[in-house]
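*Asks:* Handing you a structure now.
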Amino acid sequence: MYLKRRFVLLYGSQKGQAQSIAEGVAEEAGDHGLVAELSCLDNSEKYNLEKETAPVVFIVSTTGDGEPPDNALGFVKRIKRKTLASDHYKHLCYALLALGDTNYANFCNCGKTIEQRLQELGAKQFYPTGYADDGVGLEVVVDPWLDGLWEAIKEALSKMTSDSTGYLNVDAGASPKETADSSPPDIQLNLLSITDCQNCELSEQSRKTLSTSSASATQTAASSLTHSLPPLSELALNVPLLPPPYLDVSLQEAETTEQVSIRIVGPFKKENLHEVPISKAVQMTRGDSVKTALLLELDISACPMMTYQPGDSFDVFCSNRATEVEDMLHRLGLYDKRNHMVHICLLKDTKKRGAQVPSYIPQNISLLYLLTWCLEIRSVPKKAFLRALLEHTADGVQRRRLQELCSKQGAADYNLYVRDPSLSVLELLTAFPSCSPPLSILIEHVPKLQPRPYSAASSCRRHPGKLHFVFNLVELPACSVRPVWRRGLCTGGLFDLINPVLVFPGKTESSSKAALPKIHVSWRPSCSFRPPADLSVPFIMVGPGTGVAPFIGFLQQRYGKQEHPEATFGETWLFFGCRHRDRDYLFREELEGFVSSGTLNHLKLCFSRDGHEEDADGATDSVTRCRYVQHNLLCNSQSITDILLKQNGRLYVCGDAKNMAKDVNDALVEMMKTALGRDQLEAMKTLAALREDKRYLQDIWG
């Protein structure tokens, strides 16, 4: 029997980033004389915070509109129970790393929610919380936060009283639920927010690291993905630890020549998936528009279980492009084995804690199927992947460059050449030809191919048996390692499918007689982003561009007041904007029809490149101050704040998170300051209360 100094490490992760960081912490713990008891937050049988007396480290991400990840939702619900006493966690010492993206309004909201509730329940913080921003690069905060974590854990352990050794040192075979219940003394701490690295009290080494990274960003005149310049090329590098391999992958020739049926399996139940035909495809924008917006109509009449409400969304399952899969097979030297069966199991001697075969990879599949449906080969390579590739790169110059890109000193180059241009795994491997990774490395590091969510742009009441959705065709520009621009994976795949039957502007139907294509979809019902059930409640909709999609469903559902002659209807407002009235004014005829019928009381339009605005009555004002929807909101501030503050109304925002949603939120803060006669903090608290009451709702994307 031997004793180890232990701490508990809990993560909540939607797409794997928080989990990957937590697993890295668990692996490194042994180098610091510690052992981390790693668990996912939804594995509550593996930890017991009610009796836990060792330090606890949380690493959590945020998803959707500030929601917890799926595997942290249950934990958040448990700790938010109002029946818990204010000293429920008085014995608990914690540290927290929150991952988020400032392109979204509710930055790191899950981490903030957990931290606030822990403190309300008496828990004590032993290390400042880190708020990592994926909008600028998680490593800017994550790396220095992790650097300081180990000393903080040791200091927290050392400050605990001598009679606490029974739970701080534990038999390697003991269960965390077998530890004794004892409370550590108070740990005093000067709280620190790591949202702005310029204000962080980082170690001298960390400051030098950030300074070096910034300096290297200025040396880009002749540098590239595969070539660096001084000082980076001359620096000693801090390279991450090699992630321990954990999968044993082999390829075996199929026993029969029968082609493996491509099916969608994994974490999604088969009965929740539907293969439905595309019954109509319409290009909604003119050919000279900056963006190409397409409307697709799905025939769901054969799927009675696919009933939906306005505001609901659904997943479209897309595959990797066949040409890119073929290129990847050639790059790995496995093209001739593309129809071989893939067998995956855990390495017997792996040092990876909690290692598991990926659950999203089904058994008895071909290599072709694996690369087509399971792995997102378009994903941007993470630094851990670059570190793993080092071991399989023969050329010394290429090895050095990969070391730089995954190092702390090379953070600026990583952002510039990998992260910002959305470099894919295949593009990276193509740029480093001496790198020959085994298939197991890809399966360990390339994430699951995720379905793409879309909002319903119709109502079953108006279109029974049909489902509409709208999207812009995504285009990624060419760069040094991508000589030709490419379309987005899902939107480009959909465009290829529907191109033969696409109806262009000014046409009523396609001239093609091609067979209707089919796609796989799965439903994602919304719990809150829906129009008020009470028809008398007024509501405001803000949806520029394709963000108007769910509001078409809202208004179709509400259309036909004559069906409820005795009902009182609240006011409806829609703020819509686009570049040009004659090129990309989506759903123009339908929106004008809603105004004529009284379904929509106020339609506020702005056309950012036409230089005029228009109100619901069609009157035009040449003043350009209302170029964007947030400007139009400010022009109608009195009416908006009256609806929200005096009439118990609701506000819905849908569309781009990077600019529009933040600008709309800033405008709302200004409107609340004026309406309440209060300062900015009070205005922000008012908006936060509206969010909490589900009266300020967002459906936004990056």
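Chains: A, B, ... in order of the structure tokens. Residues: from 1 per chain. Ligands: from 1, in order shown.
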Neighbouring residues of Ser379 of chain A were defined as those with any atom within 10 Å, considering only C-alpha atoms; residues of the same chain fewer than 3 positions away were excluded. Please report them as a ChimeraX atom specification.
*Replies:* /A:375-376,382,419,422-426,446-449
*Asks:* Using the selection just defined, write its residues with all heavy atoms as a tab-separated table (two decimals), in the first residue's frame.
*Replies:*
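Final output, saved to again-v5.tsv:
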chain	number	residue	atom	x	y	z
A	375	LEU	N	-15.01	10.73	-38.62
A	375	LEU	CA	-14.00	11.70	-38.22
A	375	LEU	C	-14.13	12.99	-39.03
A	375	LEU	O	-14.29	12.95	-40.24
A	375	LEU	CB	-12.59	11.12	-38.41
A	375	LEU	CG	-12.28	9.81	-37.70
A	375	LEU	CD1	-10.85	9.38	-38.00
A	375	LEU	CD2	-12.51	9.92	-36.20
A	376	GLU	N	-14.03	14.12	-38.35
A	376	GLU	CA	-14.14	15.42	-39.03
A	376	GLU	C	-12.77	15.81	-39.58
A	376	GLU	O	-12.00	16.55	-38.92
A	376	GLU	CB	-14.67	16.50	-38.09
A	376	GLU	CG	-14.88	17.82	-38.75
A	376	GLU	CD	-16.25	18.43	-38.48
A	376	GLU	OE1	-16.96	17.95	-37.60
A	376	GLU	OE2	-16.61	19.38	-39.18
A	382	LYS	N	-5.55	20.44	-33.33
A	382	LYS	CA	-5.19	20.99	-32.02
A	382	LYS	C	-3.69	20.82	-31.78
A	382	LYS	O	-3.02	20.03	-32.43
A	382	LYS	CB	-5.98	20.28	-30.92
A	382	LYS	CG	-7.49	20.37	-31.07
A	382	LYS	CD	-7.98	21.78	-30.94
A	382	LYS	CE	-9.50	21.84	-31.02
A	382	LYS	NZ	-10.00	23.23	-31.02
A	419	ARG	N	-5.08	28.16	-36.92
A	419	ARG	CA	-6.42	28.42	-36.37
A	419	ARG	C	-7.22	29.40	-37.20
A	419	ARG	O	-8.36	29.12	-37.58
A	419	ARG	CB	-6.27	28.95	-34.94
A	419	ARG	CG	-7.55	29.16	-34.19
A	419	ARG	CD	-7.25	29.59	-32.77
A	419	ARG	NE	-8.47	29.86	-32.05
A	419	ARG	CZ	-9.11	31.03	-32.06
A	419	ARG	NH1	-8.63	32.03	-32.78
A	419	ARG	NH2	-10.22	31.20	-31.38
A	422	SER	N	-8.61	28.33	-40.58
A	422	SER	CA	-9.34	27.05	-40.48
A	422	SER	C	-8.64	25.96	-41.28
A	422	SER	O	-9.24	25.24	-42.08
A	422	SER	CB	-10.79	27.22	-40.96
A	422	SER	OG	-11.50	28.12	-40.15
A	423	LEU	N	-7.35	25.84	-41.05
A	423	LEU	CA	-6.56	24.80	-41.72
A	423	LEU	C	-7.09	23.43	-41.33
A	423	LEU	O	-7.37	23.16	-40.16
A	423	LEU	CB	-5.10	24.93	-41.30
A	423	LEU	CG	-4.09	24.10	-42.08
A	423	LEU	CD1	-3.80	24.77	-43.42
A	423	LEU	CD2	-2.79	23.96	-41.28
A	424	SER	N	-7.24	22.54	-42.28
A	424	SER	CA	-7.77	21.21	-42.00
A	424	SER	C	-6.63	20.23	-41.72
A	424	SER	O	-5.46	20.49	-42.01
A	424	SER	CB	-8.60	20.70	-43.17
A	424	SER	OG	-7.77	20.36	-44.27
A	425	VAL	N	-7.00	19.09	-41.16
A	425	VAL	CA	-6.02	18.03	-40.89
A	425	VAL	C	-5.32	17.62	-42.19
A	425	VAL	O	-4.10	17.46	-42.23
A	425	VAL	CB	-6.72	16.81	-40.25
A	425	VAL	CG1	-5.77	15.62	-40.16
A	425	VAL	CG2	-7.26	17.17	-38.87
A	426	LEU	N	-6.10	17.44	-43.25
A	426	LEU	CA	-5.52	17.04	-44.53
A	426	LEU	C	-4.57	18.10	-45.07
A	426	LEU	O	-3.48	17.79	-45.58
A	426	LEU	CB	-6.63	16.77	-45.55
A	426	LEU	CG	-6.19	16.38	-46.96
A	426	LEU	CD1	-5.33	15.12	-46.94
A	426	LEU	CD2	-7.40	16.19	-47.86
A	446	VAL	N	-8.45	13.33	-34.02
A	446	VAL	CA	-9.41	14.00	-34.89
A	446	VAL	C	-10.81	13.83	-34.30
A	446	VAL	O	-11.23	12.71	-34.03
A	446	VAL	CB	-9.36	13.44	-36.33
A	446	VAL	CG1	-10.41	14.11	-37.21
A	446	VAL	CG2	-7.96	13.66	-36.91
A	447	PRO	N	-11.54	14.92	-34.09
A	447	PRO	CA	-12.83	14.82	-33.40
A	447	PRO	C	-13.92	14.17	-34.24
A	447	PRO	O	-13.78	13.98	-35.46
A	447	PRO	CB	-13.18	16.27	-33.09
A	447	PRO	CG	-12.46	17.06	-34.14
A	447	PRO	CD	-11.20	16.32	-34.42
A	448	LYS	N	-14.99	13.86	-33.58
A	448	LYS	CA	-16.17	13.29	-34.22
A	448	LYS	C	-16.74	14.25	-35.26
A	448	LYS	O	-16.77	15.46	-35.06
A	448	LYS	CB	-17.22	13.00	-33.15
A	448	LYS	CG	-18.59	12.64	-33.67
A	448	LYS	CD	-19.59	12.61	-32.53
A	448	LYS	CE	-21.00	12.42	-33.05
A	448	LYS	NZ	-21.99	12.47	-31.97
A	449	LEU	N	-17.19	13.70	-36.37
A	449	LEU	CA	-17.88	14.50	-37.39
A	449	LEU	C	-19.25	14.88	-36.84
A	449	LEU	O	-20.12	14.03	-36.66
A	449	LEU	CB	-18.02	13.70	-38.68
A	449	LEU	CG	-18.74	14.39	-39.84
A	449	LEU	CD1	-18.08	15.70	-40.21
A	449	LEU	CD2	-18.82	13.47	-41.05
*Asks:* Run DSSP on the backbone and grab whatever in segment 333-406 of chain A lands in alpha helix (DSSP H); send it over as a list in words.
*Replies:*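 Residues of segment 333-406 of chain A classed as alpha helix (DSSP H): Leu367, Leu368, Tyr369, Lys383, Ala384, Phe385, Leu386, Arg387, Ala388, Leu389, Leu390, Gly396, Val397, Gln398, Arg399, Arg400, Arg401, Leu402, Gln403, Glu404, Leu405 and Cys406 of chain A.
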*Asks:* Which is closer to Ala29 of chain A than all the others in A:Leu241, A:Leu99, A:Ala549, A:Ile59, using only C-alpha atoms?
*Replies:*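 Of A:Leu241, A:Leu99, A:Ala549, A:Ile59, the one nearest Ala29 of chain A, counting only C-alpha atoms, is A:Leu241.
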*Asks:* Rounded to one decimal, what separation in Å do you get between atom CA of Trp701 of chain A and atom CA of Asp143 of chain A?
*Replies:*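 Pair atom CA of Trp701 of chain A / atom CA of Asp143 of chain A returns 26.7 Å.
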*Asks:* For the atom pair atom CA of Leu332 of chain A and atom CA of Cys374 of chain A, what is the interatomic distance in Å to one decimal place?
*Replies:* 16.6 Å
*Asks:* In Å, rounded to a single decimal, give me how far atom CA of Arg691 of chain A is from atom CA of Gly543 of chain A.
*Replies:*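 The value is 17.7 Å.
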*Asks:* From the options A:Glu682, A:Thr568, A:His32, A:Cys635, which residue's atoms come nearest to Ala152 of chain A, counting only C-alpha atoms?
*Replies:*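 Nearest candidate to Ala152 of chain A out of A:Glu682, A:Thr568, A:His32, A:Cys635: A:His32.
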*Asks:* Applying 12 Å and only C-alpha atoms, which residues near Leu600 of chain A remain after dropping the ones on its own chain fewer than 6 positions away? List them as a list in words.
*Replies:*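 Contacts, with the query itself left out: Pro538, Phe539, Ile540, Met541, Phe551, Ile552, Phe554, Leu555, Gln556, Gln557, Arg558, Tyr559, Gly560, Lys561, Phe569, Gly570, Glu571, Thr572, Trp573, Leu574, Phe575, Glu590, Leu591, Glu592, Gly593, Phe594, Ala616 and Asp617 of chain A.
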*Asks:* Which neighbours of segment 52-57 of chain A fall inside 6 Å, counting only C-alpha atoms, when residues of the same chain fewer than 3 positions from it are skipped, and could you give them as JSON, numbers by chain?
*Replies:* {"A": [7, 8, 9, 48, 49, 93, 94, 95, 96, 168]}
*Asks:* Nearest to Glu27 of chain A: which of A:Tyr308, A:Asp693, A:Gly354, A:Lys658 is it, counting only C-alpha atoms?
*Replies:*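 Among the listed residues, A:Gly354 lies closest to Glu27 of chain A.
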*Asks:* Can you pull out every residue within 7 Å of Ala457 of chain A, counting only C-alpha atoms, but drop anything in the same chain fewer than 4 positions away, and send it as number ranges by chain?
*Replies:* A: 468-470, 549-550, 552-553
*Asks:* Identify, with DSSP run on backbone atoms, the residues in segment 379-596 of chain A assigned to strand (DSSP E), and express the list as JSON, numbers by chain.
*Replies:* {"A": [452, 453, 454, 455, 466, 467, 468, 469, 470, 471, 472, 475, 476, 486, 487, 518, 519, 520, 521, 522, 523, 524, 539, 540, 541, 542, 572, 573, 574, 575, 576, 577, 578]}
*Asks:* Given the choices A:Pro517, A:Pro451, A:Pro421, A:Pro231, which gets closest to Leu502 of chain A if the distance is worked out from only C-alpha atoms?
*Replies:*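 Ranking A:Pro517, A:Pro451, A:Pro421, A:Pro231 by distance to Leu502 of chain A, first place goes to A:Pro517.
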